[in-house]
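Undergrad: Got query.tsv for you, TSV, C-alpha atoms:
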```tsv
chain	number	residue	atom	x	y	z
A	1	MET	CA	116.05	54.53	-156.83
A	2	SER	CA	115.13	52.67	-153.67
A	3	ARG	CA	117.03	52.94	-150.41
A	4	HIS	CA	118.34	49.34	-150.73
A	5	GLU	CA	119.54	50.03	-154.31
A	6	LYS	CA	121.37	53.14	-153.10
A	7	GLU	CA	123.02	51.16	-150.30
A	8	GLY	CA	124.06	48.48	-152.83
A	9	LEU	CA	125.50	51.14	-155.13
A	10	PHE	CA	127.34	52.69	-152.21
A	11	LEU	CA	128.86	49.33	-151.24
A	12	GLU	CA	129.95	48.61	-154.79
A	13	ASN	CA	131.27	52.16	-155.39
A	14	PRO	CA	131.97	53.71	-152.02
A	15	GLY	CA	132.99	57.10	-153.35
A	16	LEU	CA	134.48	59.90	-151.26
A	17	ASP	CA	132.35	59.27	-148.15
A	18	GLY	CA	133.25	55.60	-148.13
A	19	ILE	CA	136.93	56.34	-148.59
A	20	LEU	CA	136.83	58.85	-145.74
A	21	THR	CA	135.01	56.34	-143.56
A	22	VAL	CA	137.56	53.62	-144.27
A	23	SER	CA	140.43	56.08	-143.74
A	24	TYR	CA	138.91	57.27	-140.43
A	25	GLU	CA	138.42	53.70	-139.23
A	26	ARG	CA	142.02	52.84	-140.18
A	27	ARG	CA	143.36	55.86	-138.25
A	28	MET	CA	141.25	54.96	-135.23
A	29	THR	CA	142.53	51.38	-135.37
A	30	GLU	CA	146.13	52.64	-135.52
A	31	LYS	CA	145.50	54.97	-132.55
A	32	ILE	CA	143.96	52.18	-130.51
A	33	PHE	CA	146.96	49.96	-131.34
A	34	MET	CA	149.40	52.74	-130.33
A	35	VAL	CA	147.55	53.39	-127.07
A	36	SER	CA	147.53	49.66	-126.36
A	37	THR	CA	151.26	49.45	-127.07
A	38	ILE	CA	152.04	52.43	-124.85
A	39	SER	CA	149.86	51.00	-122.10
A	40	THR	CA	151.67	47.66	-122.36
A	41	GLU	CA	155.06	49.39	-122.18
A	42	LYS	CA	153.99	51.30	-119.08
A	43	GLN	CA	152.82	48.09	-117.47
A	44	GLN	CA	156.18	46.49	-118.26
A	45	LEU	CA	157.98	49.41	-116.63
A	46	ARG	CA	156.19	49.02	-113.32
A	47	PHE	CA	158.25	47.80	-110.37
A	48	THR	CA	156.07	44.73	-109.90
A	49	LYS	CA	155.74	42.12	-107.18
A	50	ASN	CA	157.78	39.74	-109.31
A	51	ASN	CA	160.49	42.40	-109.56
A	52	THR	CA	160.42	42.63	-105.78
A	53	LEU	CA	160.80	38.85	-105.50
A	54	ALA	CA	163.79	38.95	-107.86
A	55	ILE	CA	165.49	41.67	-105.79
A	56	LYS	CA	164.82	39.62	-102.66
A	57	GLY	CA	166.47	36.69	-104.44
A	58	ILE	CA	169.61	38.78	-104.96
A	59	ALA	CA	169.51	40.02	-101.36
A	60	ILE	CA	169.20	36.49	-99.91
A	61	ILE	CA	172.23	35.38	-101.98
A	62	PHE	CA	174.16	38.32	-100.53
A	63	LEU	CA	173.00	37.40	-97.02
A	64	LEU	CA	174.16	33.78	-97.27
A	65	CYS	CA	177.55	34.86	-98.63
A	66	TYR	CA	177.93	37.42	-95.85
A	67	HIS	CA	177.07	34.99	-93.06
A	68	CYS	CA	179.20	32.19	-94.47
A	69	PHE	CA	182.39	33.95	-95.52
A	70	SER	CA	182.64	37.53	-94.21
A	71	ASP	CA	185.09	36.61	-91.44
A	72	LYS	CA	187.55	33.78	-90.88
A	73	GLY	CA	185.88	33.14	-87.54
A	74	ARG	CA	182.69	32.15	-89.39
A	75	LEU	CA	184.49	29.27	-91.14
A	76	HIS	CA	184.49	27.12	-87.98
A	77	GLY	CA	188.18	26.34	-88.40
A	78	ALA	CA	187.75	24.82	-91.88
A	79	ALA	CA	190.33	25.40	-94.59
A	80	VAL	CA	188.01	26.90	-97.22
A	81	SER	CA	189.14	27.52	-100.78
A	82	PHE	CA	187.79	30.61	-102.56
A	83	TRP	CA	189.36	29.86	-105.96
A	84	PRO	CA	189.56	31.70	-108.34
A	85	LEU	CA	189.55	34.54	-105.78
A	86	SER	CA	192.12	34.94	-103.04
A	87	GLU	CA	190.92	34.41	-99.47
A	88	GLY	CA	191.39	38.08	-98.61
A	89	THR	CA	189.47	39.32	-101.64
A	90	ALA	CA	186.59	36.88	-101.11
A	91	ILE	CA	186.26	37.77	-97.42
A	92	TRP	CA	186.35	41.51	-98.27
A	93	ILE	CA	183.59	41.10	-100.88
A	94	SER	CA	181.48	38.92	-98.56
A	95	LYS	CA	181.84	41.41	-95.73
A	96	ASN	CA	180.47	44.21	-97.91
A	97	LEU	CA	177.45	42.12	-98.91
A	98	VAL	CA	175.92	43.00	-95.54
A	99	ILE	CA	174.37	45.77	-97.63
A	100	CYS	CA	171.59	43.23	-98.25
A	101	VAL	CA	170.07	44.44	-94.96
A	102	GLY	CA	169.46	47.84	-96.52
A	103	MET	CA	167.99	46.17	-99.61
A	104	PHE	CA	165.44	44.25	-97.51
A	105	ALA	CA	164.64	47.41	-95.53
A	106	PHE	CA	164.12	49.40	-98.75
A	107	LEU	CA	161.71	46.79	-100.15
A	108	SER	CA	159.74	46.73	-96.89
A	109	ALA	CA	159.38	50.52	-96.75
A	110	TYR	CA	158.63	50.67	-100.49
A	111	GLY	CA	155.81	48.13	-100.21
A	112	LEU	CA	154.32	49.75	-97.10
A	113	THR	CA	154.31	53.15	-98.82
A	114	LEU	CA	152.43	51.79	-101.83
A	115	SER	CA	149.98	50.05	-99.51
A	116	LEU	CA	149.24	53.33	-97.71
A	117	LYS	CA	149.05	55.22	-101.00
A	118	ASN	CA	146.53	52.75	-102.42
A	119	SER	CA	144.46	52.71	-99.23
A	120	TYR	CA	144.35	56.43	-98.42
A	121	LYS	CA	144.21	59.17	-101.03
A	122	ASP	CA	146.97	61.76	-100.50
A	123	TYR	CA	147.95	59.80	-97.34
A	124	CYS	CA	144.96	61.25	-95.50
A	125	PHE	CA	144.15	58.92	-92.63
A	126	SER	CA	143.11	59.33	-89.02
A	127	GLY	CA	145.14	58.28	-86.02
A	128	HIS	CA	142.85	55.29	-85.56
A	129	GLU	CA	143.30	54.21	-89.19
A	130	ALA	CA	147.08	54.52	-88.85
A	131	ALA	CA	146.99	52.39	-85.70
A	132	MET	CA	144.93	49.74	-87.49
A	133	PHE	CA	147.34	49.73	-90.42
A	134	VAL	CA	150.36	49.26	-88.15
A	135	LEU	CA	148.65	46.60	-86.04
A	136	LYS	CA	147.51	44.57	-89.05
A	137	ARG	CA	150.97	44.60	-90.64
A	138	TYR	CA	152.55	43.58	-87.34
A	139	VAL	CA	150.11	40.69	-86.80
A	140	LYS	CA	150.78	39.45	-90.34
A	141	LEU	CA	154.52	39.60	-89.69
A	142	VAL	CA	154.16	37.55	-86.49
A	143	PHE	CA	152.07	34.89	-88.25
A	144	THR	CA	154.60	34.73	-91.11
A	145	PHE	CA	157.36	34.14	-88.57
A	146	MET	CA	155.44	31.75	-86.30
A	147	LEU	CA	155.93	28.43	-88.15
A	148	PRO	CA	159.68	28.94	-88.77
A	149	PHE	CA	160.03	30.03	-85.14
A	150	PHE	CA	158.45	26.88	-83.72
A	151	LEU	CA	160.39	24.66	-86.14
A	152	CYS	CA	163.73	26.30	-85.32
A	153	ALA	CA	163.01	26.45	-81.59
A	154	GLY	CA	161.92	22.80	-81.52
A	155	LEU	CA	164.96	21.51	-83.40
A	156	THR	CA	167.30	23.71	-81.39
A	157	PHE	CA	165.99	22.35	-78.09
A	158	VAL	CA	165.97	18.76	-79.42
A	159	THR	CA	169.58	19.01	-80.59
A	160	GLY	CA	170.60	20.53	-77.27
A	161	THR	CA	172.01	23.68	-78.85
A	162	ALA	CA	169.53	26.02	-77.13
A	163	SER	CA	171.74	26.16	-74.05
A	164	TYR	CA	174.34	27.98	-76.15
A	165	ARG	CA	171.85	30.77	-76.79
A	166	TYR	CA	169.73	31.18	-73.64
A	167	LYS	CA	172.15	31.38	-70.74
A	168	GLY	CA	170.06	33.09	-68.06
A	169	GLY	CA	167.76	31.77	-65.38
A	170	LEU	CA	164.36	30.20	-65.99
A	171	TRP	CA	162.33	33.41	-66.04
A	172	GLU	CA	164.91	35.31	-68.05
A	173	ASN	CA	164.96	32.55	-70.65
A	174	LEU	CA	161.16	32.38	-70.85
A	175	ILE	CA	160.95	36.13	-71.37
A	176	SER	CA	163.67	35.92	-74.01
A	177	VAL	CA	161.70	33.22	-75.87
A	178	VAL	CA	158.54	35.36	-75.78
A	179	MET	CA	160.48	38.40	-77.03
A	180	ASP	CA	161.91	36.29	-79.84
A	181	PHE	CA	158.46	35.04	-80.80
A	182	PHE	CA	157.08	38.57	-81.12
A	183	GLY	CA	160.20	39.75	-83.00
A	184	VAL	CA	161.26	42.37	-80.44
A	185	GLY	CA	164.21	40.61	-78.79
A	186	HIS	CA	166.76	42.96	-80.32
A	187	LEU	CA	164.55	45.98	-79.70
A	188	PHE	CA	164.49	45.30	-75.94
A	189	GLY	CA	167.98	43.83	-75.73
A	190	THR	CA	166.96	40.37	-74.47
A	191	GLN	CA	168.93	37.27	-75.44
A	192	MET	CA	167.93	35.97	-78.88
A	193	MET	CA	167.91	32.38	-80.03
A	194	ILE	CA	169.86	33.47	-83.10
A	195	ASN	CA	171.31	36.91	-83.77
A	196	THR	CA	170.06	36.94	-87.37
A	197	TRP	CA	166.56	37.55	-86.05
A	198	TRP	CA	167.52	41.10	-85.05
A	199	PHE	CA	166.16	42.23	-88.44
A	200	LEU	CA	162.62	41.54	-87.23
A	201	SER	CA	163.01	44.41	-84.79
A	202	LEU	CA	164.05	46.71	-87.63
A	203	GLU	CA	161.08	45.50	-89.67
A	204	ILE	CA	158.72	46.27	-86.80
A	205	LEU	CA	160.29	49.69	-86.31
A	206	ILE	CA	159.73	50.49	-89.99
A	207	ILE	CA	156.09	49.35	-89.76
A	208	VAL	CA	155.41	51.48	-86.67
A	209	LEU	CA	157.05	54.60	-88.08
A	210	MET	CA	155.67	54.34	-91.62
A	211	PRO	CA	152.46	56.39	-91.08
A	212	PHE	CA	154.59	59.20	-89.64
A	213	MET	CA	157.02	58.95	-92.55
A	214	VAL	CA	154.42	59.27	-95.30
A	215	ARG	CA	152.65	62.16	-93.57
A	216	PHE	CA	155.98	63.92	-93.16
A	217	TYR	CA	156.73	63.19	-96.82
A	218	LYS	CA	153.36	64.62	-97.86
A	219	LYS	CA	154.26	67.91	-96.21
A	220	TYR	CA	157.96	68.19	-97.09
A	221	SER	CA	158.55	65.81	-100.03
A	222	TRP	CA	162.26	65.22	-100.79
A	223	LEU	CA	163.29	67.59	-98.02
A	224	MET	CA	162.58	64.67	-95.69
A	225	VAL	CA	165.53	62.79	-97.21
A	226	ILE	CA	167.86	65.74	-96.65
A	227	MET	CA	166.65	66.07	-93.06
A	228	PHE	CA	167.35	62.40	-92.30
A	229	LEU	CA	170.72	62.65	-94.01
A	230	VAL	CA	171.84	65.70	-92.06
A	231	LEU	CA	170.44	64.75	-88.66
A	232	GLY	CA	171.12	61.03	-88.95
A	233	SER	CA	174.76	61.49	-89.91
A	234	PHE	CA	175.70	63.02	-86.57
A	235	MET	CA	172.79	62.46	-84.15
A	236	LEU	CA	172.10	58.74	-84.50
A	237	GLN	CA	174.44	56.37	-82.72
A	238	LYS	CA	176.72	54.68	-85.20
A	239	HIS	CA	177.16	50.91	-85.60
A	240	VAL	CA	173.69	50.28	-84.11
A	241	HIS	CA	171.61	48.01	-86.34
A	242	LEU	CA	168.26	49.69	-85.66
A	243	THR	CA	169.50	53.14	-86.67
A	244	LYS	CA	172.37	52.77	-89.14
A	245	TYR	CA	170.13	51.37	-91.90
A	246	PHE	CA	167.27	53.81	-91.39
A	247	PHE	CA	168.34	56.34	-94.04
A	248	VAL	CA	167.03	53.93	-96.68
A	249	VAL	CA	163.46	54.37	-95.40
A	250	PRO	CA	162.78	58.00	-96.46
A	251	ILE	CA	164.42	57.26	-99.80
A	252	ALA	CA	162.10	54.28	-100.27
A	253	VAL	CA	159.06	56.43	-99.48
A	254	CYS	CA	160.01	58.99	-102.14
A	255	PHE	CA	160.89	56.32	-104.69
A	256	ALA	CA	157.57	54.49	-104.18
A	257	ASP	CA	155.37	57.58	-104.35
A	258	GLN	CA	157.10	59.15	-107.37
A	259	ARG	CA	157.91	55.96	-109.32
A	260	VAL	CA	161.59	56.86	-109.37
A	261	LEU	CA	162.81	53.37	-110.29
A	262	GLU	CA	160.48	53.22	-113.28
A	263	ARG	CA	161.33	56.76	-114.36
A	264	LEU	CA	165.04	56.02	-114.18
A	265	LYS	CA	164.51	52.95	-116.35
A	266	GLU	CA	162.46	54.96	-118.86
A	267	PHE	CA	165.02	57.77	-118.96
A	268	SER	CA	167.66	57.83	-121.69
A	269	PRO	CA	170.47	60.42	-121.52
A	270	VAL	CA	170.83	60.30	-125.34
A	271	LYS	CA	168.42	59.77	-128.24
A	272	ASN	CA	169.77	56.35	-129.13
A	273	GLN	CA	168.15	53.90	-126.68
A	274	LEU	CA	170.96	51.32	-126.81
A	275	ALA	CA	173.65	53.94	-126.32
A	276	GLY	CA	171.63	55.45	-123.48
A	277	LYS	CA	171.31	52.09	-121.76
A	278	MET	CA	175.04	51.43	-122.11
A	279	LEU	CA	175.82	54.85	-120.67
A	280	LYS	CA	173.48	54.26	-117.72
A	281	PHE	CA	175.10	50.88	-117.13
A	282	ALA	CA	178.59	52.39	-117.11
A	283	VAL	CA	177.68	55.27	-114.78
A	284	SER	CA	175.66	53.19	-112.30
A	285	THR	CA	178.28	50.42	-112.21
A	286	LEU	CA	181.02	52.98	-111.55
A	287	MET	CA	178.92	54.48	-108.74
A	288	ILE	CA	178.46	51.04	-107.14
A	289	LEU	CA	182.19	50.26	-107.35
A	290	ILE	CA	183.14	53.63	-105.80
A	291	MET	CA	180.62	53.28	-102.99
A	292	PHE	CA	181.66	49.68	-102.32
A	293	ARG	CA	185.26	50.83	-102.12
A	294	MET	CA	184.30	53.42	-99.53
A	295	TYR	CA	182.03	50.96	-97.72
A	296	GLY	CA	184.88	48.47	-97.41
A	297	SER	CA	187.31	50.98	-95.92
A	298	GLN	CA	187.62	52.00	-92.29
A	299	TRP	CA	187.69	55.66	-93.32
A	300	GLY	CA	184.47	55.34	-95.32
A	301	ILE	CA	182.62	53.58	-92.51
A	302	GLN	CA	183.85	56.05	-89.93
A	303	HIS	CA	182.62	59.11	-91.84
A	304	PHE	CA	179.89	57.94	-94.23
A	305	GLU	CA	178.37	54.75	-92.82
A	306	PHE	CA	174.88	56.22	-92.42
A	307	VAL	CA	174.90	57.68	-95.95
A	308	LEU	CA	176.27	54.55	-97.61
A	309	ASN	CA	173.83	52.26	-95.79
A	310	GLY	CA	171.07	54.29	-97.42
A	311	LEU	CA	172.42	55.04	-100.90
A	312	LEU	CA	174.25	51.83	-101.79
A	313	PRO	CA	171.26	49.47	-101.44
A	314	VAL	CA	169.12	51.81	-103.56
A	315	VAL	CA	171.69	52.05	-106.37
A	316	ILE	CA	172.12	48.25	-106.36
A	317	ILE	CA	168.35	47.75	-106.54
A	318	TYR	CA	168.08	50.19	-109.45
A	319	TRP	CA	171.03	48.54	-111.22
A	320	ALA	CA	169.51	45.07	-110.81
A	321	TYR	CA	166.08	46.31	-111.91
A	322	GLU	CA	167.49	47.92	-115.02
A	323	PHE	CA	170.07	45.35	-116.13
A	324	VAL	CA	169.70	41.99	-114.35
A	325	ILE	CA	166.31	40.78	-113.22
A	326	GLU	CA	164.69	40.73	-116.66
A	327	LEU	CA	167.32	38.42	-118.15
A	328	PRO	CA	165.93	35.02	-119.19
A	329	VAL	CA	166.54	32.12	-116.76
A	330	ILE	CA	168.15	34.50	-114.24
A	331	ARG	CA	164.77	36.13	-113.70
A	332	GLN	CA	163.06	32.82	-112.92
A	333	ILE	CA	165.85	31.72	-110.57
A	334	LEU	CA	165.86	35.00	-108.65
A	335	GLU	CA	162.05	35.09	-108.35
A	336	PHE	CA	162.11	31.50	-107.08
A	337	LEU	CA	164.71	32.38	-104.43
A	338	GLY	CA	162.78	35.52	-103.56
A	339	LYS	CA	159.63	33.51	-102.96
A	340	HIS	CA	161.50	31.42	-100.36
A	341	SER	CA	163.71	34.25	-99.05
A	342	ALA	CA	161.81	34.74	-95.77
A	343	ASP	CA	162.09	31.07	-94.76
A	344	ILE	CA	165.74	30.99	-95.82
A	345	PHE	CA	166.40	34.11	-93.78
A	346	TYR	CA	164.72	32.68	-90.67
A	347	THR	CA	166.44	29.27	-90.78
A	348	HIS	CA	169.81	29.32	-92.56
A	349	THR	CA	171.87	30.49	-89.59
A	350	PHE	CA	170.64	27.56	-87.50
A	351	VAL	CA	171.87	25.17	-90.21
A	352	ARG	CA	175.19	26.95	-90.62
A	353	SER	CA	176.17	27.69	-87.03
A	354	LEU	CA	174.10	25.52	-84.65
A	355	TRP	CA	172.76	22.31	-86.16
A	356	ILE	CA	175.35	21.02	-88.65
A	357	PRO	CA	178.26	23.49	-88.99
A	358	GLY	CA	180.75	20.65	-89.37
A	359	ILE	CA	178.89	19.25	-92.36
A	360	VAL	CA	178.30	22.65	-93.97
A	361	TYR	CA	182.00	23.59	-93.97
A	362	SER	CA	183.26	20.08	-94.70
A	363	PHE	CA	182.93	20.71	-98.46
A	364	ARG	CA	185.98	23.01	-98.33
A	365	HIS	CA	185.15	25.17	-101.36
A	366	ALA	CA	183.11	28.32	-100.86
A	367	ALA	CA	180.84	27.72	-103.87
A	368	VAL	CA	179.95	24.19	-102.75
A	369	ILE	CA	179.39	25.36	-99.17
A	370	PHE	CA	177.08	28.09	-100.41
A	371	LEU	CA	175.09	25.73	-102.64
A	372	PHE	CA	174.79	23.13	-99.88
A	373	LEU	CA	173.53	25.69	-97.36
A	374	LEU	CA	171.13	27.13	-99.92
A	375	GLY	CA	169.86	23.66	-100.77
A	376	VAL	CA	169.25	22.68	-97.14
A	377	SER	CA	167.55	26.01	-96.44
A	378	LEU	CA	165.33	25.58	-99.49
A	379	GLY	CA	164.48	22.06	-98.31
A	380	ILE	CA	163.35	23.48	-94.98
A	381	SER	CA	161.30	26.10	-96.83
A	382	PHE	CA	159.64	23.36	-98.92
A	383	PHE	CA	158.80	21.50	-95.71
A	384	LEU	CA	157.32	24.66	-94.18
A	385	ASP	CA	155.24	25.21	-97.34
A	386	PHE	CA	154.02	21.61	-97.05
A	387	LEU	CA	152.96	22.28	-93.44
A	388	ARG	CA	151.20	25.47	-94.49
A	389	LYS	CA	149.17	23.61	-97.09
A	390	LEU	CA	148.49	20.67	-94.77
A	391	LEU	CA	147.30	22.93	-91.96
A	392	HIS	CA	145.56	25.44	-94.28
A	393	TYR	CA	147.81	27.85	-92.43
A	394	ASN	CA	147.34	30.95	-94.56
A	395	LYS	CA	143.55	30.63	-94.52
A	396	PHE	CA	143.53	29.95	-90.77
A	397	THR	CA	145.85	32.81	-89.83
A	398	GLY	CA	144.05	35.12	-92.27
A	399	GLY	CA	140.77	34.40	-90.47
A	400	LEU	CA	142.42	34.96	-87.09
A	401	THR	CA	143.87	38.24	-88.31
A	402	ASP	CA	140.49	39.46	-89.58
A	403	ARG	CA	138.73	38.57	-86.31
A	404	PHE	CA	141.49	40.16	-84.25
A	405	MET	CA	141.36	43.34	-86.32
A	406	LEU	CA	137.57	43.55	-85.91
A	407	TRP	CA	138.01	43.32	-82.15
A	408	ALA	CA	140.87	45.82	-82.14
A	409	ASP	CA	138.91	48.24	-84.34
A	410	SER	CA	136.07	48.42	-81.83
A	411	ALA	CA	138.28	48.24	-78.73
A	412	LEU	CA	140.61	51.07	-79.76
A	413	LYS	CA	137.93	53.54	-80.89
```
Please express the file's structure as C-alpha cells.
TA:
Amino acid sequence: MSRHEKEGLFLENPGLDGILTVSYERRMTEKIFMVSTISTEKQQLRFTKNNTLAIKGIAIIFLLCYHCFSDKGRLHGAAVSFWPLSEGTAIWISKNLVICVGMFAFLSAYGLTLSLKNSYKDYCFSGHEAAMFVLKRYVKLVFTFMLPFFLCAGLTFVTGTASYRYKGGLWENLISVVMDFFGVGHLFGTQMMINTWWFLSLEILIIVLMPFMVRFYKKYSWLMVIMFLVLGSFMLQKHVHLTKYFFVVPIAVCFADQRVLERLKEFSPVKNQLAGKMLKFAVSTLMILIMFRMYGSQWGIQHFEFVLNGLLPVVIIYWAYEFVIELPVIRQILEFLGKHSADIFYTHTFVRSLWIPGIVYSFRHAAVIFLFLLGVSLGISFFLDFLRKLLHYNKFTGGLTDRFMLWADSALK
C-alpha cells in the first residue's frame, strides 16, 4: 500500500492514534481557553487608569460639596435648603468630605510608585536618576497648572477681585504671584490667589519625597507604615495641611507595589462568591461609617486625626473600587468627571467665592447649587481643552519638557 493510500485510510478510519491526537488537541484548546480566561480576569482586576479617573471623579464631587456646604459661612448669606436632609446633617456630612484631599494624595503617591517600579527594577536608581525623576514630574505638574493659572489670574485681575487676595506691597505681591505659579505658595507661606491651591504644595512634597519613600519601603516593607503611624501621631504638628495627610503616602506605596487593592477585590472570605462580596460590603461599609463618626467628632480629631486622614481615604477608595466604579452609567460619569477633575479643582473656587458667588448661591437648593457650579467648572475645563488643542499645548510643553530634561541631565551630572 502506498503512502498516500495509508494516509487516506488513516483519515477515513483514524484509529487509536487519531483519537488520541484529537483528544490531545481538544485538551490543549481547553487549556488555552482557560489560560486566556484567567488572563482576562487578571487584567480586569488591575487598578487601571480608568479606575483612577473614576476615583478622581468621586473625589472631585466630595471636594465641591465640601467647599460649597461645609460651613454656614461658605453660603454667602444665602438661605440654602438641603432637603431631604436637615441643615445640620448636610453641613456635617459636607465637612467630613474634606477626606477627598487624602484620596487625591493617595492616587498621586500610588501612581508615582508604579512609575518608579516600572522604570527601575527593585527601585534601584542612582541619586542622579532620582533627581531627574523628581524634576520631570515637577515640570509636568507646572505645565499642567500653567493654563488654568493664567486664565484664573487674568479673570481675577479683570474682575477686580485680585485685590482681595494680594494685599501686600508691589514686590510682595509679585513674589506671591511667582510662588503661586510654581505651586509653592503654601509651602513658603506667601499669600495665595486662592487657598484651594495649597494642595499643589502637598503634591510637590509627595513628588520630592517619593524616591526616599520607595527606597525606605524596599528595605523595611510594611514596617514603614508603622513607623509613620507611630512617629507621625505625636511628632508632626497637627492641623497643618502639609503634614496631616501624609500618612496616606506610605500606605499608597505599599498598596501599589503589592497590588493590595486588586488582592482585596479577588479575596473572598467564604467559598460562595456572592456571599463573600456581600460580607465584604457589610464590613467595609461599617468601617467607613465608624471612621466617619470618629472623623466628625472633636474627640476623634483631637486624638486620631493623623491616623484617620490616612486610613479613611484608603478604605473609601477600596470600597468604591470594589462596589461602585464598575457599575454601568456611573462608571462613565465618574471617569468623565475624573478626566476634568484637575481643571475643576484649579478653577471652581474662583467661580464660587470670587467671580459670581451671588449667582452660584441664588439657586437656594444645595443640589442645584452643586450642579450649577459643576456645570460652570466643566465649561471652563472644556474651554481650556479647546485652548490646548488650538495651541497644540501638550505637544509644545512635551517638547519643552524633553529639551529641559536633556539640559538638566547634562548640567546636574
Undergrad: Given all atoms listed in the file, how would the per-residue table for range 297-339 of chain A near range 215-231 of chain A read, listing every residue at most 12 Å away with its closest atom pair and distance in Å to one decimal, sorted by chain and number, as a Markdown table?
TA:
```
| residue | atom | partner | partner_atom | distance |
| --- | --- | --- | --- | --- |
| A:Phe304 | CA | A:Leu229 | CA | 10.3 |
| A:Glu305 | CA | A:Leu229 | CA | 11.1 |
| A:Phe306 | CA | A:Leu229 | CA | 7.8 |
| A:Val307 | CA | A:Leu229 | CA | 6.8 |
| A:Leu308 | CA | A:Leu229 | CA | 10.5 |
| A:Asn309 | CA | A:Leu229 | CA | 11.0 |
| A:Gly310 | CA | A:Leu229 | CA | 9.0 |
| A:Leu311 | CA | A:Leu229 | CA | 10.4 |
```
Undergrad: Can you tell me how far CA of Ala408 in chain A sits from CA of His392 in chain A, in Å to one decimal?
TA: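 That distance, rounded to one decimal, is 24.2 Å.
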Undergrad: Using all atoms listed in the file, determine which residues lie at most 10 Å from Val376 in chain A, disregarding the query and same-chain residues fewer than 4 positions distant; provide the list as a compact mmCIF listing (two decimals) with C-alpha atoms, keeping the file's coordinate frame.
TA:
```txt
# COMPACT_ATOMS: atom_id res chain seq x y z
CA ILE A 344 165.74 30.99 -95.82
CA THR A 347 166.44 29.27 -90.78
CA HIS A 348 169.81 29.32 -92.56
CA VAL A 351 171.87 25.17 -90.21
CA ARG A 352 175.19 26.95 -90.62
CA VAL A 360 178.30 22.65 -93.97
CA LEU A 371 175.09 25.73 -102.64
CA PHE A 372 174.79 23.13 -99.88
CA ILE A 380 163.35 23.48 -94.98
CA SER A 381 161.30 26.10 -96.83
CA PHE A 382 159.64 23.36 -98.92
```
Undergrad: Quote the spacing between CA of Ser377 in chain A and CA of Arg74 in chain A in Å to one decimal place.
TA: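 CA of Ser377 in chain A sits 17.8 Å away from CA of Arg74 in chain A.
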Undergrad: Taking 5 positions as the minimum chain separation for residues in the same chain, which residues sit within 9 Å of Ile369 in chain A when counting all atoms listed in the file? Answer as a ChimeraX atom specification.
TA: /A:68,80,360-364,374
Undergrad: Given the point (160.8, 38.8, -99.9) in the coordinates of this file, which residues lie within 8 Å, counting all atoms listed in the file, and how would they look as a ChimeraX atom specification?
TA: /A:52-53,56-57,104,338-342
Undergrad: Listing only residues of range 231-266 of chain A within 12 Å of range 193-206 of chain A, what is the closest atom pair and its distance in Å (to one decimal) for each, using all atoms listed in the file, sorted by chain and residue number ascending, as a Markdown table?
TA:
```
| residue | atom | partner | partner_atom | distance |
| --- | --- | --- | --- | --- |
| A:Val240 | CA | A:Leu202 | CA | 10.9 |
| A:His241 | CA | A:Leu202 | CA | 7.8 |
| A:Leu242 | CA | A:Leu202 | CA | 5.5 |
| A:Thr243 | CA | A:Leu202 | CA | 8.5 |
| A:Lys244 | CA | A:Leu202 | CA | 10.4 |
| A:Tyr245 | CA | A:Leu202 | CA | 8.8 |
| A:Phe246 | CA | A:Ile206 | CA | 8.4 |
| A:Phe247 | CA | A:Ile206 | CA | 11.2 |
| A:Val248 | CA | A:Ile206 | CA | 10.5 |
| A:Val249 | CA | A:Ile206 | CA | 7.6 |
| A:Pro250 | CA | A:Ile206 | CA | 10.4 |
| A:Ala252 | CA | A:Ile206 | CA | 11.2 |
| A:Val253 | CA | A:Ile206 | CA | 11.2 |
```
Undergrad: CA of Leu337 in chain A to CA of Leu384 in chain A: how many Å, to one decimal?
TA: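 Separating CA of Leu337 in chain A from CA of Leu384 in chain A is a distance of 14.8 Å.
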Undergrad: With a distance cut-off of 6 Å and all atoms listed in the file, select the neighbouring residues of range 82-89 of chain A, excluding the residue or stretch itself and same-chain residues fewer than 2 positions from it, and output the selection as a list in words.
TA: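 So the residues in contact are Ile91, Trp92 and Ala366 of chain A.
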Undergrad: Suppose we keep C-alpha atoms; can you now write the selection as a compact mmCIF listing (two decimals), in the coordinates of the input?
TA:
```
# COMPACT_ATOMS: atom_id res chain seq x y z
CA ILE A 91 186.26 37.77 -97.42
CA TRP A 92 186.35 41.51 -98.27
CA ALA A 366 183.11 28.32 -100.86
```
Undergrad: Skip Asn50 in chain A itself and residues of its chain fewer than 3 positions away, then list as an mmCIF file with C-alpha atoms, keeping the file's coordinate frame all residues within 12 Å of it, counting only C-alpha atoms.
TA:
```cif
data_model
loop_
_atom_site.group_PDB
_atom_site.id
_atom_site.type_symbol
_atom_site.label_atom_id
_atom_site.label_comp_id
_atom_site.auth_asym_id
_atom_site.auth_seq_id
_atom_site.Cartn_x
_atom_site.Cartn_y
_atom_site.Cartn_z
ATOM 1 C CA GLN A 44 156.180 46.490 -118.260
ATOM 2 C CA ARG A 46 156.190 49.020 -113.320
ATOM 3 C CA PHE A 47 158.250 47.800 -110.370
ATOM 4 C CA LEU A 53 160.800 38.850 -105.500
ATOM 5 C CA ALA A 54 163.790 38.950 -107.860
ATOM 6 C CA ILE A 55 165.490 41.670 -105.790
ATOM 7 C CA LYS A 56 164.820 39.620 -102.660
ATOM 8 C CA GLY A 57 166.470 36.690 -104.440
ATOM 9 C CA TYR A 321 166.080 46.310 -111.910
ATOM 10 C CA ILE A 325 166.310 40.780 -113.220
ATOM 11 C CA GLU A 326 164.690 40.730 -116.660
ATOM 12 C CA ARG A 331 164.770 36.130 -113.700
ATOM 13 C CA GLN A 332 163.060 32.820 -112.920
ATOM 14 C CA ILE A 333 165.850 31.720 -110.570
ATOM 15 C CA LEU A 334 165.860 35.000 -108.650
ATOM 16 C CA GLU A 335 162.050 35.090 -108.350
ATOM 17 C CA PHE A 336 162.110 31.500 -107.080
ATOM 18 C CA LEU A 337 164.710 32.380 -104.430
ATOM 19 C CA GLY A 338 162.780 35.520 -103.560
ATOM 20 C CA LYS A 339 159.630 33.510 -102.960
#
```
Undergrad: Write out as CSV the residues of range 158-267 of chain A that have any atom within 9 Å of an atom of range 144-149 of chain A, one row each with the nearest atom pair and its distance in Å to one decimal, counting all atoms listed in the file, sorted by chain and then rising number.
TA:
```
residue,atom,partner,partner_atom,distance
A:Asp180,CA,A:Phe149,CA,8.4
A:Phe181,CA,A:Phe149,CA,6.8
A:Phe182,CA,A:Phe145,CA,8.7
A:Gly183,CA,A:Phe145,CA,8.4
```
